[in-house]
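Q: model09.pdb is reproduced in full below (PDB, C-alpha atoms).
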ATOM      1  CA  MET A   1      58.813  15.440  61.981
ATOM      2  CA  ALA A   2      59.420  18.877  60.509
ATOM      3  CA  ILE A   3      56.520  20.803  59.037
ATOM      4  CA  THR A   4      56.917  22.871  55.907
ATOM      5  CA  PRO A   5      56.713  26.471  57.116
ATOM      6  CA  ALA A   6      53.425  28.069  56.193
ATOM      7  CA  ARG A   7      50.857  30.446  57.504
ATOM      8  CA  CYS A   8      47.833  28.299  58.114
ATOM      9  CA  GLY A   9      44.591  27.832  59.974
ATOM     10  CA  LEU A  10      44.511  25.354  62.831
ATOM     11  CA  SER A  11      41.555  23.147  63.599
ATOM     12  CA  CYS A  12      41.960  21.370  66.906
ATOM     13  CA  ALA A  13      39.520  18.555  67.514
ATOM     14  CA  VAL A  14      38.981  16.667  70.727
ATOM     15  CA  PRO A  15      36.707  13.681  70.200
ATOM     16  CA  ARG A  16      36.266  11.699  73.382
ATOM     17  CA  LEU A  17      36.468   7.949  73.322
ATOM     18  CA  TYR A  18      35.565   5.689  76.186
ATOM     19  CA  SER A  19      37.651   2.583  76.636
ATOM     20  CA  ARG A  20      38.020  -0.128  79.216
ATOM     21  CA  GLN A  21      41.170   0.205  81.251
ATOM     22  CA  SER A  22      40.928  -3.194  82.850
ATOM     23  CA  ALA A  23      38.752  -6.121  81.794
ATOM     24  CA  ARG A  24      38.945  -7.482  85.339
ATOM     25  CA  TYR A  25      37.331  -4.398  86.931
ATOM     26  CA  ARG A  26      35.271  -3.476  83.857
ATOM     27  CA  HIS A  27      35.408   0.238  84.468
ATOM     28  CA  SER A  28      35.730   2.689  81.660
ATOM     29  CA  THR A  29      37.776   5.834  81.531
ATOM     30  CA  GLN A  30      37.554   8.780  79.275
ATOM     31  CA  GLN A  31      40.484   9.591  77.016
ATOM     32  CA  SER A  32      40.922  12.569  74.782
ATOM     33  CA  HIS A  33      42.194  11.829  71.299
ATOM     34  CA  LEU A  34      43.502  15.129  70.083
ATOM     35  CA  SER A  35      44.307  16.149  66.549
ATOM     36  CA  CYS A  36      45.420  19.307  64.834
ATOM     37  CA  HIS A  37      44.869  19.986  61.146
ATOM     38  CA  ARG A  38      46.077  22.844  59.077
ATOM     39  CA  HIS A  39      44.365  24.398  56.131
ATOM     40  CA  VAL A  40      47.086  25.968  54.024
ATOM     41  CA  LEU A  41      46.415  28.881  51.732
ATOM     42  CA  GLN A  42      46.506  26.584  48.682
ATOM     43  CA  GLY A  43      43.326  24.900  49.953
ATOM     44  CA  GLU A  44      44.890  21.677  51.198
ATOM     45  CA  LYS A  45      44.240  20.115  54.588
ATOM     46  CA  GLU A  46      46.992  18.291  56.452
ATOM     47  CA  VAL A  47      47.104  16.429  59.759
ATOM     48  CA  LEU A  48      49.790  18.030  61.889
ATOM     49  CA  GLY A  49      49.668  15.546  64.708
ATOM     50  CA  LEU A  50      47.682  13.241  66.936
ATOM     51  CA  TRP A  51      47.902  13.127  70.703
ATOM     52  CA  ILE A  52      46.259  10.870  73.303
ATOM     53  CA  ALA A  53      45.844  12.152  76.841
ATOM     54  CA  GLN A  54      43.912  11.109  79.924
ATOM     55  CA  THR A  55      42.848  14.717  80.398
ATOM     56  CA  GLU A  56      42.988  17.839  78.362
ATOM     57  CA  GLY A  57      43.590  21.350  79.522
ATOM     58  CA  ALA A  58      44.949  24.680  78.432
ATOM     59  CA  LYS A  59      48.429  23.734  79.688
ATOM     60  CA  PHE A  60      48.406  20.596  77.555
ATOM     61  CA  TRP A  61      47.309  22.566  74.481
ATOM     62  CA  LEU A  62      49.996  25.178  75.136
ATOM     63  CA  ASN A  63      52.538  22.343  74.929
ATOM     64  CA  VAL A  64      50.952  21.079  71.687
ATOM     65  CA  VAL A  65      50.931  24.519  70.047
ATOM     66  CA  THR A  66      54.503  25.150  71.193
ATOM     67  CA  GLU A  67      55.569  21.773  69.775
ATOM     68  CA  LEU A  68      53.947  22.627  66.439
ATOM     69  CA  LYS A  69      55.754  25.953  66.361
ATOM     70  CA  ASN A  70      59.055  24.225  67.127
ATOM     71  CA  ARG A  71      58.335  21.803  64.261
ATOM     72  CA  GLY A  72      57.827  24.629  61.757
ATOM     73  CA  VAL A  73      54.353  26.168  62.051
ATOM     74  CA  GLN A  74      55.500  29.769  62.010
ATOM     75  CA  ASP A  75      52.125  31.422  62.332
ATOM     76  CA  SER A  76      48.431  30.611  62.506
ATOM     77  CA  PHE A  77      45.980  32.793  60.675
ATOM     78  CA  ILE A  78      42.891  31.472  62.438
ATOM     79  CA  ALA A  79      42.360  28.725  64.996
ATOM     80  CA  CYS A  80      38.999  27.089  65.642
ATOM     81  CA  VAL A  81      38.702  25.735  69.171
ATOM     82  CA  ASP A  82      36.104  24.199  71.444
ATOM     83  CA  GLY A  83      35.067  25.972  74.639
ATOM     84  CA  LEU A  84      37.982  24.839  76.806
ATOM     85  CA  LYS A  85      38.919  27.659  79.165
ATOM     86  CA  GLY A  86      42.398  28.995  78.558
ATOM     87  CA  PHE A  87      42.734  27.341  75.144
ATOM     88  CA  PRO A  88      42.435  30.604  73.143
ATOM     89  CA  GLU A  89      45.002  32.270  75.385
ATOM     90  CA  ALA A  90      47.376  29.316  74.916
ATOM     91  CA  ILE A  91      47.192  29.735  71.143
ATOM     92  CA  GLU A  92      47.543  33.521  71.320
ATOM     93  CA  SER A  93      50.607  33.245  73.555
ATOM     94  CA  VAL A  94      52.426  31.204  70.888
ATOM     95  CA  HIS A  95      50.835  32.850  67.829
ATOM     96  CA  PRO A  96      49.914  36.407  68.899
ATOM     97  CA  LYS A  97      48.491  37.354  65.480
ATOM     98  CA  ALA A  98      46.134  34.369  65.355
ATOM     99  CA  ILE A  99      42.395  34.919  65.213
ATOM    100  CA  VAL A 100      40.689  32.477  67.576
ATOM    101  CA  GLN A 101      37.227  31.280  66.507
ATOM    102  CA  LEU A 102      34.988  29.405  68.923
ATOM    103  CA  CYS A 103      33.527  26.262  67.375
ATOM    104  CA  ILE A 104      29.921  27.071  66.484
ATOM    105  CA  VAL A 105      28.940  23.389  66.523
ATOM    106  CA  HIS A 106      30.164  23.062  70.119
ATOM    107  CA  LEU A 107      28.375  26.269  71.129
ATOM    108  CA  VAL A 108      25.079  25.150  69.583
ATOM    109  CA  ARG A 109      25.407  21.667  71.082
ATOM    110  CA  ASN A 110      26.092  23.139  74.525
ATOM    111  CA  SER A 111      23.157  25.537  74.106
ATOM    112  CA  LEU A 112      20.777  22.712  73.276
ATOM    113  CA  ASN A 113      21.725  20.919  76.502
ATOM    114  CA  TYR A 114      19.402  23.380  78.274
ATOM    115  CA  VAL A 115      16.454  22.618  75.982
ATOM    116  CA  GLY A 116      13.924  19.807  76.215
ATOM    117  CA  TRP A 117      13.465  17.520  73.232
ATOM    118  CA  ASN A 118      10.122  19.074  72.310
ATOM    119  CA  LYS A 119      11.678  22.521  71.689
ATOM    120  CA  ARG A 120      15.122  21.604  70.317
ATOM    121  CA  LYS A 121      14.312  21.978  66.617
ATOM    122  CA  GLU A 122      12.756  25.394  67.124
ATOM    123  CA  VAL A 123      15.594  26.678  69.327
ATOM    124  CA  ALA A 124      18.218  25.246  66.949
ATOM    125  CA  ALA A 125      16.535  26.987  63.995
ATOM    126  CA  ASP A 126      16.629  30.318  65.839
ATOM    127  CA  LEU A 127      20.300  29.805  66.755
ATOM    128  CA  ARG A 128      21.039  28.981  63.122
ATOM    129  CA  CYS A 129      19.770  32.449  62.155
ATOM    130  CA  ILE A 130      22.531  33.917  64.332
ATOM    131  CA  TYR A 131      25.530  32.067  62.928
ATOM    132  CA  THR A 132      24.343  32.064  59.301
ATOM    133  CA  ALA A 133      23.785  35.824  59.251
ATOM    134  CA  ALA A 134      25.607  37.748  56.529
ATOM    135  CA  THR A 135      27.208  40.286  58.887
ATOM    136  CA  VAL A 136      28.052  40.775  62.545
ATOM    137  CA  ASN A 137      25.318  43.430  62.853
ATOM    138  CA  GLU A 138      22.723  41.060  61.422
ATOM    139  CA  ALA A 139      23.933  38.321  63.784
ATOM    140  CA  GLU A 140      23.566  40.697  66.748
ATOM    141  CA  GLN A 141      20.001  41.474  65.661
ATOM    142  CA  HIS A 142      19.209  37.757  65.470
ATOM    143  CA  LEU A 143      20.759  37.225  68.905
ATOM    144  CA  ALA A 144      18.578  40.031  70.322
ATOM    145  CA  ALA A 145      15.509  38.441  68.698
ATOM    146  CA  PHE A 146      16.541  35.084  70.175
ATOM    147  CA  GLU A 147      16.786  36.680  73.620
ATOM    148  CA  ASP A 148      13.345  38.272  73.266
ATOM    149  CA  LYS A 149      11.802  34.959  72.286
ATOM    150  CA  TRP A 150      13.638  32.479  74.516
ATOM    151  CA  ASN A 151      15.248  34.310  77.444
ATOM    152  CA  HIS A 152      12.287  33.631  79.748
ATOM    153  CA  ALA A 153      12.641  29.856  79.254
ATOM    154  CA  TYR A 154      16.375  29.454  78.601
ATOM    155  CA  PRO A 155      18.313  32.478  79.930
ATOM    156  CA  SER A 156      21.617  30.554  79.995
ATOM    157  CA  ILE A 157      21.727  30.197  76.211
ATOM    158  CA  ALA A 158      21.796  33.864  75.234
ATOM    159  CA  LYS A 159      24.079  34.598  78.188
ATOM    160  CA  SER A 160      26.554  32.002  76.928
ATOM    161  CA  TRP A 161      26.492  33.466  73.410
ATOM    162  CA  ARG A 162      26.951  37.001  74.787
ATOM    163  CA  ASN A 163      29.825  35.937  77.055
ATOM    164  CA  ASN A 164      31.602  34.281  74.111
ATOM    165  CA  TRP A 165      30.601  36.816  71.451
ATOM    166  CA  GLU A 166      34.148  38.056  70.728
ATOM    167  CA  ARG A 167      35.156  34.441  69.962
ATOM    168  CA  VAL A 168      31.963  33.776  67.964
ATOM    169  CA  ILE A 169      32.152  36.630  65.449
ATOM    170  CA  PRO A 170      35.615  36.391  63.814
ATOM    171  CA  PHE A 171      34.388  34.176  60.987
ATOM    172  CA  PHE A 172      31.915  36.874  59.828
ATOM    173  CA  ALA A 173      34.921  38.667  58.308
ATOM    174  CA  PHE A 174      35.213  35.876  55.717
ATOM    175  CA  PRO A 175      33.098  34.799  52.738
ATOM    176  CA  PRO A 176      30.748  31.786  53.114
ATOM    177  CA  GLU A 177      33.226  29.431  51.399
ATOM    178  CA  ILE A 178      35.821  30.115  54.104
ATOM    179  CA  ARG A 179      33.259  30.087  56.933
ATOM    180  CA  LYS A 180      32.469  26.436  56.127
ATOM    181  CA  ILE A 181      36.046  25.551  56.983
ATOM    182  CA  ILE A 182      36.571  27.644  60.107
ATOM    183  CA  TYR A 183      33.277  27.502  61.983
ATOM    184  CA  THR A 184      33.839  24.069  63.503
ATOM    185  CA  THR A 185      36.516  21.760  64.853
ATOM    186  CA  ASN A 186      34.561  18.794  63.442
ATOM    187  CA  ALA A 187      36.414  17.838  60.279
ATOM    188  CA  CYS A 188      33.522  15.700  59.031
ATOM    189  CA  VAL A 189      31.162  18.696  58.916
ATOM    190  CA  ILE A 190      33.156  20.554  56.250
TER     191      ILE A 190
END
Output the file's structure as structure tokens, nothing else.

A:
Amino acid sequence: MAITPARCGLSCAVPRLYSRQSARYRHSTQQSHLSCHRHVLQGEKEVLGLWIAQTEGAKFWLNVVTELKNRGVQDSFIACVDGLKGFPEAIESVHPKAIVQLCIVHLVRNSLNYVGWNKRKEVAADLRCIYTAATVNEAEQHLAAFEDKWNHAYPSIAKSWRNNWERVIPFFAFPPEIRKIIYTTNACVI
């Protein structure tokens, strides 16, 4: 299927579904159901494709992005991705001008994996101050405050945010209305 050429934003979601492979052995396997959406400049959202794979990886996504380019996606303005290693590089190899944004929802969810249930709301509220900041400088100040408060208990969280900072901050260049669209791969959050 050909895609009308347009400069767009890509949102690549990877919800995982568990299904039984064989009723006889009753074991379940994990499958990735992959989808790409584009947000065209006119404000519309379109599904570009759906893929089902036993595993996902940067090589697989490179094939998907290449397929989309061959079908007519000439350029991507911004791509929101989960934390899969090599995924941003796969997009940038096909669309070198693309801005790659790490999914904030995935980053927060992964951060909260280190936190016990009794502290999750408080840690989540402090993380929210980072990604809802008005500017990159304000976000950096909130991240420093987060480190001061929580680094003794959860050093992996701030380290993860620092290591991914260049992929976290691109959306600060946009107004809040656009940030709502590009901060997550979860289409239902928009």

Q: Which residue is closest to Glu89 of chain A? Choose from A:Trp61, A:Ala153, A:Ser76, A:Val108 and count only C-alpha atoms.

A: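 Distance minimum relative to Glu89 of chain A lands on A:Trp61.
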
Q: Please provide the set of residues having any atom within 12 Å of Phe60 of chain A, restricted to all atoms listed in the file, with same-chain residues fewer than 5 positions apart removed, written as JSON, numbers by chain.

A: {"A": [32, 34, 51, 52, 53, 54, 55, 65, 66, 67, 84, 85, 86, 87, 90, 91]}

Q: My list of candidates is A:Arg167, A:Lys149, A:His106, A:His95. Which is closest to Thr185 of chain A when distances are computed with only C-alpha atoms?

A: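 The closest residue to Thr185 of chain A is A:His106.
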
Q: Counting all atoms listed in the file, which of A:Ala145, A:Ala158, A:Ala58, A:Leu68 gets nearest to Ser111 of chain A?

A: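 Using all atoms listed in the file, Ser111 of chain A sits closest to A:Ala158.
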
Q: Would you please work out which residue, of A:Glu177, A:Glu92, A:Ile182, A:Asn113, is nearest to Leu62 of chain A when using all atoms listed in the file?

A: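 Looking at the shortest contact to Leu62 of chain A, the residue is A:Glu92.
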
Q: Would you kindly return, as a ChimeraX atom specification, each protein, DNA or RNA residue with an atom no farther than 10 Å from any atom of Phe172 of chain A, considering only C-alpha atoms and excluding same-chain residues fewer than 5 positions away?

A: /A:131-137,139,178-179,183

Q: Would you compute the distance between atom CA of Ala125 of chain A and atom CA of Glu138 of chain A? Give it in Å to one decimal.

A: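 That distance, rounded to one decimal, is 15.6 Å.
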
Q: Just checking: using all atoms listed in the file, which residue out of A:Arg120, A:Phe77, A:Arg71, A:Asn63 ends up closest to Leu48 of chain A?

A: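 Going through A:Arg120, A:Phe77, A:Arg71, A:Asn63 one by one, the smallest distance to Leu48 of chain A is for A:Arg71.
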
Q: Can you work out the spacing between atom CA of Cys103 of chain A and atom CA of Asn70 of chain A in Å, to one decimal?

A: 25.6 Å

Q: Contacts of His142 of chain A at 7 Å or less, counting all atoms listed in the file, minus same-chain residues fewer than 4 places along, as a ChimeraX atom specification?

A: /A:129-130,138,146

Q: What is the atom CA of Val168 of chain A to atom CA of Asn151 of chain A distance in Å?

A: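 Calculated distance between atom CA of Val168 of chain A and atom CA of Asn151 of chain A is 19.2 Å.
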
Q: Pull all heavy atoms for segment 108-120 of chain A from the block and write them as a PDB file, in the first residue's frame.

A:
ATOM      1  N   VAL A 108       9.309   6.610  32.836  1.00  0.00           N
ATOM      2  CA  VAL A 108       8.742   6.696  34.188  1.00  0.00           C
ATOM      3  C   VAL A 108       8.385   5.301  34.695  1.00  0.00           C
ATOM      4  O   VAL A 108       8.708   4.936  35.832  1.00  0.00           O
ATOM      5  CB  VAL A 108       7.512   7.630  34.217  1.00  0.00           C
ATOM      6  CG1 VAL A 108       6.772   7.520  35.544  1.00  0.00           C
ATOM      7  CG2 VAL A 108       7.927   9.070  33.952  1.00  0.00           C
ATOM      8  N   ARG A 109       7.745   4.515  33.863  1.00  0.00           N
ATOM      9  CA  ARG A 109       7.358   3.152  34.257  1.00  0.00           C
ATOM     10  C   ARG A 109       8.586   2.329  34.643  1.00  0.00           C
ATOM     11  O   ARG A 109       8.584   1.634  35.657  1.00  0.00           O
ATOM     12  CB  ARG A 109       6.612   2.491  33.096  1.00  0.00           C
ATOM     13  CG  ARG A 109       5.825   1.279  33.482  1.00  0.00           C
ATOM     14  CD  ARG A 109       5.064   0.708  32.295  1.00  0.00           C
ATOM     15  NE  ARG A 109       4.051   1.622  31.813  1.00  0.00           N
ATOM     16  CZ  ARG A 109       3.695   1.749  30.540  1.00  0.00           C
ATOM     17  NH1 ARG A 109       4.296   1.014  29.600  1.00  0.00           N
ATOM     18  NH2 ARG A 109       2.758   2.570  30.179  1.00  0.00           N
ATOM     19  N   ASN A 110       9.643   2.426  33.835  1.00  0.00           N
ATOM     20  CA  ASN A 110      10.875   1.702  34.149  1.00  0.00           C
ATOM     21  C   ASN A 110      11.506   2.228  35.436  1.00  0.00           C
ATOM     22  O   ASN A 110      12.054   1.463  36.226  1.00  0.00           O
ATOM     23  CB  ASN A 110      11.863   1.792  32.992  1.00  0.00           C
ATOM     24  CG  ASN A 110      11.411   0.999  31.797  1.00  0.00           C
ATOM     25  OD1 ASN A 110      10.618   0.071  31.905  1.00  0.00           O
ATOM     26  ND2 ASN A 110      11.898   1.366  30.624  1.00  0.00           N
ATOM     27  N   SER A 111      11.438   3.539  35.651  1.00  0.00           N
ATOM     28  CA  SER A 111      11.981   4.129  36.875  1.00  0.00           C
ATOM     29  C   SER A 111      11.255   3.609  38.105  1.00  0.00           C
ATOM     30  O   SER A 111      11.875   3.320  39.132  1.00  0.00           O
ATOM     31  CB  SER A 111      11.869   5.660  36.828  1.00  0.00           C
ATOM     32  OG  SER A 111      12.641   6.184  35.779  1.00  0.00           O
ATOM     33  N   LEU A 112       9.953   3.498  38.012  1.00  0.00           N
ATOM     34  CA  LEU A 112       9.158   3.071  39.165  1.00  0.00           C
ATOM     35  C   LEU A 112       9.337   1.587  39.495  1.00  0.00           C
ATOM     36  O   LEU A 112       8.956   1.153  40.578  1.00  0.00           O
ATOM     37  CB  LEU A 112       7.683   3.406  38.947  1.00  0.00           C
ATOM     38  CG  LEU A 112       7.374   4.906  38.910  1.00  0.00           C
ATOM     39  CD1 LEU A 112       5.897   5.137  38.628  1.00  0.00           C
ATOM     40  CD2 LEU A 112       7.800   5.597  40.191  1.00  0.00           C
ATOM     41  N   ASN A 113       9.941   0.838  38.580  1.00  0.00           N
ATOM     42  CA  ASN A 113      10.239  -0.572  38.875  1.00  0.00           C
ATOM     43  C   ASN A 113      11.206  -0.711  40.044  1.00  0.00           C
ATOM     44  O   ASN A 113      11.253  -1.746  40.694  1.00  0.00           O
ATOM     45  CB  ASN A 113      10.817  -1.280  37.647  1.00  0.00           C
ATOM     46  CG  ASN A 113       9.767  -1.589  36.617  1.00  0.00           C
ATOM     47  OD1 ASN A 113       8.585  -1.666  36.911  1.00  0.00           O
ATOM     48  ND2 ASN A 113      10.204  -1.760  35.381  1.00  0.00           N
ATOM     49  N   TYR A 114      12.006   0.329  40.305  1.00  0.00           N
ATOM     50  CA  TYR A 114      12.983   0.290  41.390  1.00  0.00           C
ATOM     51  C   TYR A 114      12.383   0.697  42.741  1.00  0.00           C
ATOM     52  O   TYR A 114      13.049   0.616  43.763  1.00  0.00           O
ATOM     53  CB  TYR A 114      14.154   1.243  41.085  1.00  0.00           C
ATOM     54  CG  TYR A 114      14.932   0.872  39.856  1.00  0.00           C
ATOM     55  CD1 TYR A 114      14.744   1.550  38.655  1.00  0.00           C
ATOM     56  CD2 TYR A 114      15.861  -0.168  39.878  1.00  0.00           C
ATOM     57  CE1 TYR A 114      15.464   1.207  37.518  1.00  0.00           C
ATOM     58  CE2 TYR A 114      16.576  -0.518  38.754  1.00  0.00           C
ATOM     59  CZ  TYR A 114      16.379   0.177  37.572  1.00  0.00           C
ATOM     60  OH  TYR A 114      17.083  -0.165  36.457  1.00  0.00           O
ATOM     61  N   VAL A 115      11.136   1.161  42.731  1.00  0.00           N
ATOM     62  CA  VAL A 115      10.541   1.787  43.904  1.00  0.00           C
ATOM     63  C   VAL A 115       9.470   0.885  44.511  1.00  0.00           C
ATOM     64  O   VAL A 115       8.644   0.321  43.787  1.00  0.00           O
ATOM     65  CB  VAL A 115       9.904   3.147  43.513  1.00  0.00           C
ATOM     66  CG1 VAL A 115       9.312   3.843  44.720  1.00  0.00           C
ATOM     67  CG2 VAL A 115      10.937   4.044  42.839  1.00  0.00           C
ATOM     68  N   GLY A 116       9.487   0.785  45.837  1.00  0.00           N
ATOM     69  CA  GLY A 116       8.456   0.026  46.533  1.00  0.00           C
ATOM     70  C   GLY A 116       7.116   0.736  46.446  1.00  0.00           C
ATOM     71  O   GLY A 116       7.048   1.950  46.207  1.00  0.00           O
ATOM     72  N   TRP A 117       6.050  -0.005  46.664  1.00  0.00           N
ATOM     73  CA  TRP A 117       4.704   0.549  46.529  1.00  0.00           C
ATOM     74  C   TRP A 117       4.459   1.726  47.466  1.00  0.00           C
ATOM     75  O   TRP A 117       3.728   2.648  47.125  1.00  0.00           O
ATOM     76  CB  TRP A 117       3.656  -0.542  46.793  1.00  0.00           C
ATOM     77  CG  TRP A 117       3.573  -1.510  45.662  1.00  0.00           C
ATOM     78  CD1 TRP A 117       4.084  -2.786  45.632  1.00  0.00           C
ATOM     79  CD2 TRP A 117       2.987  -1.285  44.379  1.00  0.00           C
ATOM     80  NE1 TRP A 117       3.854  -3.356  44.408  1.00  0.00           N
ATOM     81  CE2 TRP A 117       3.162  -2.457  43.617  1.00  0.00           C
ATOM     82  CE3 TRP A 117       2.334  -0.206  43.804  1.00  0.00           C
ATOM     83  CZ2 TRP A 117       2.712  -2.579  42.316  1.00  0.00           C
ATOM     84  CZ3 TRP A 117       1.863  -0.331  42.501  1.00  0.00           C
ATOM     85  CH2 TRP A 117       2.063  -1.503  41.779  1.00  0.00           C
ATOM     86  N   ASN A 118       5.075   1.726  48.628  1.00  0.00           N
ATOM     87  CA  ASN A 118       4.819   2.789  49.596  1.00  0.00           C
ATOM     88  C   ASN A 118       5.427   4.140  49.205  1.00  0.00           C
ATOM     89  O   ASN A 118       5.044   5.170  49.753  1.00  0.00           O
ATOM     90  CB  ASN A 118       5.324   2.379  50.989  1.00  0.00           C
ATOM     91  CG  ASN A 118       6.810   2.075  51.002  1.00  0.00           C
ATOM     92  OD1 ASN A 118       7.405   1.780  49.979  1.00  0.00           O
ATOM     93  ND2 ASN A 118       7.407   2.116  52.170  1.00  0.00           N
ATOM     94  N   LYS A 119       6.345   4.156  48.254  1.00  0.00           N
ATOM     95  CA  LYS A 119       6.984   5.415  47.834  1.00  0.00           C
ATOM     96  C   LYS A 119       6.680   5.797  46.383  1.00  0.00           C
ATOM     97  O   LYS A 119       7.112   6.834  45.908  1.00  0.00           O
ATOM     98  CB  LYS A 119       8.511   5.310  47.988  1.00  0.00           C
ATOM     99  CG  LYS A 119       8.982   5.169  49.416  1.00  0.00           C
ATOM    100  CD  LYS A 119       8.844   6.481  50.143  1.00  0.00           C
ATOM    101  CE  LYS A 119       9.447   6.355  51.537  1.00  0.00           C
ATOM    102  NZ  LYS A 119       9.166   7.514  52.336  1.00  0.00           N
ATOM    103  N   ARG A 120       5.940   4.965  45.669  1.00  0.00           N
ATOM    104  CA  ARG A 120       5.729   5.196  44.234  1.00  0.00           C
ATOM    105  C   ARG A 120       5.056   6.532  43.918  1.00  0.00           C
ATOM    106  O   ARG A 120       5.470   7.220  42.999  1.00  0.00           O
ATOM    107  CB  ARG A 120       4.913   4.063  43.614  1.00  0.00           C
ATOM    108  CG  ARG A 120       5.783   2.887  43.294  1.00  0.00           C
ATOM    109  CD  ARG A 120       5.045   1.864  42.489  1.00  0.00           C
ATOM    110  NE  ARG A 120       5.958   0.772  42.244  1.00  0.00           N
ATOM    111  CZ  ARG A 120       5.989   0.076  41.132  1.00  0.00           C
ATOM    112  NH1 ARG A 120       5.137   0.329  40.186  1.00  0.00           N
ATOM    113  NH2 ARG A 120       6.864  -0.891  40.991  1.00  0.00           N
TER     114      ARG A 120
END
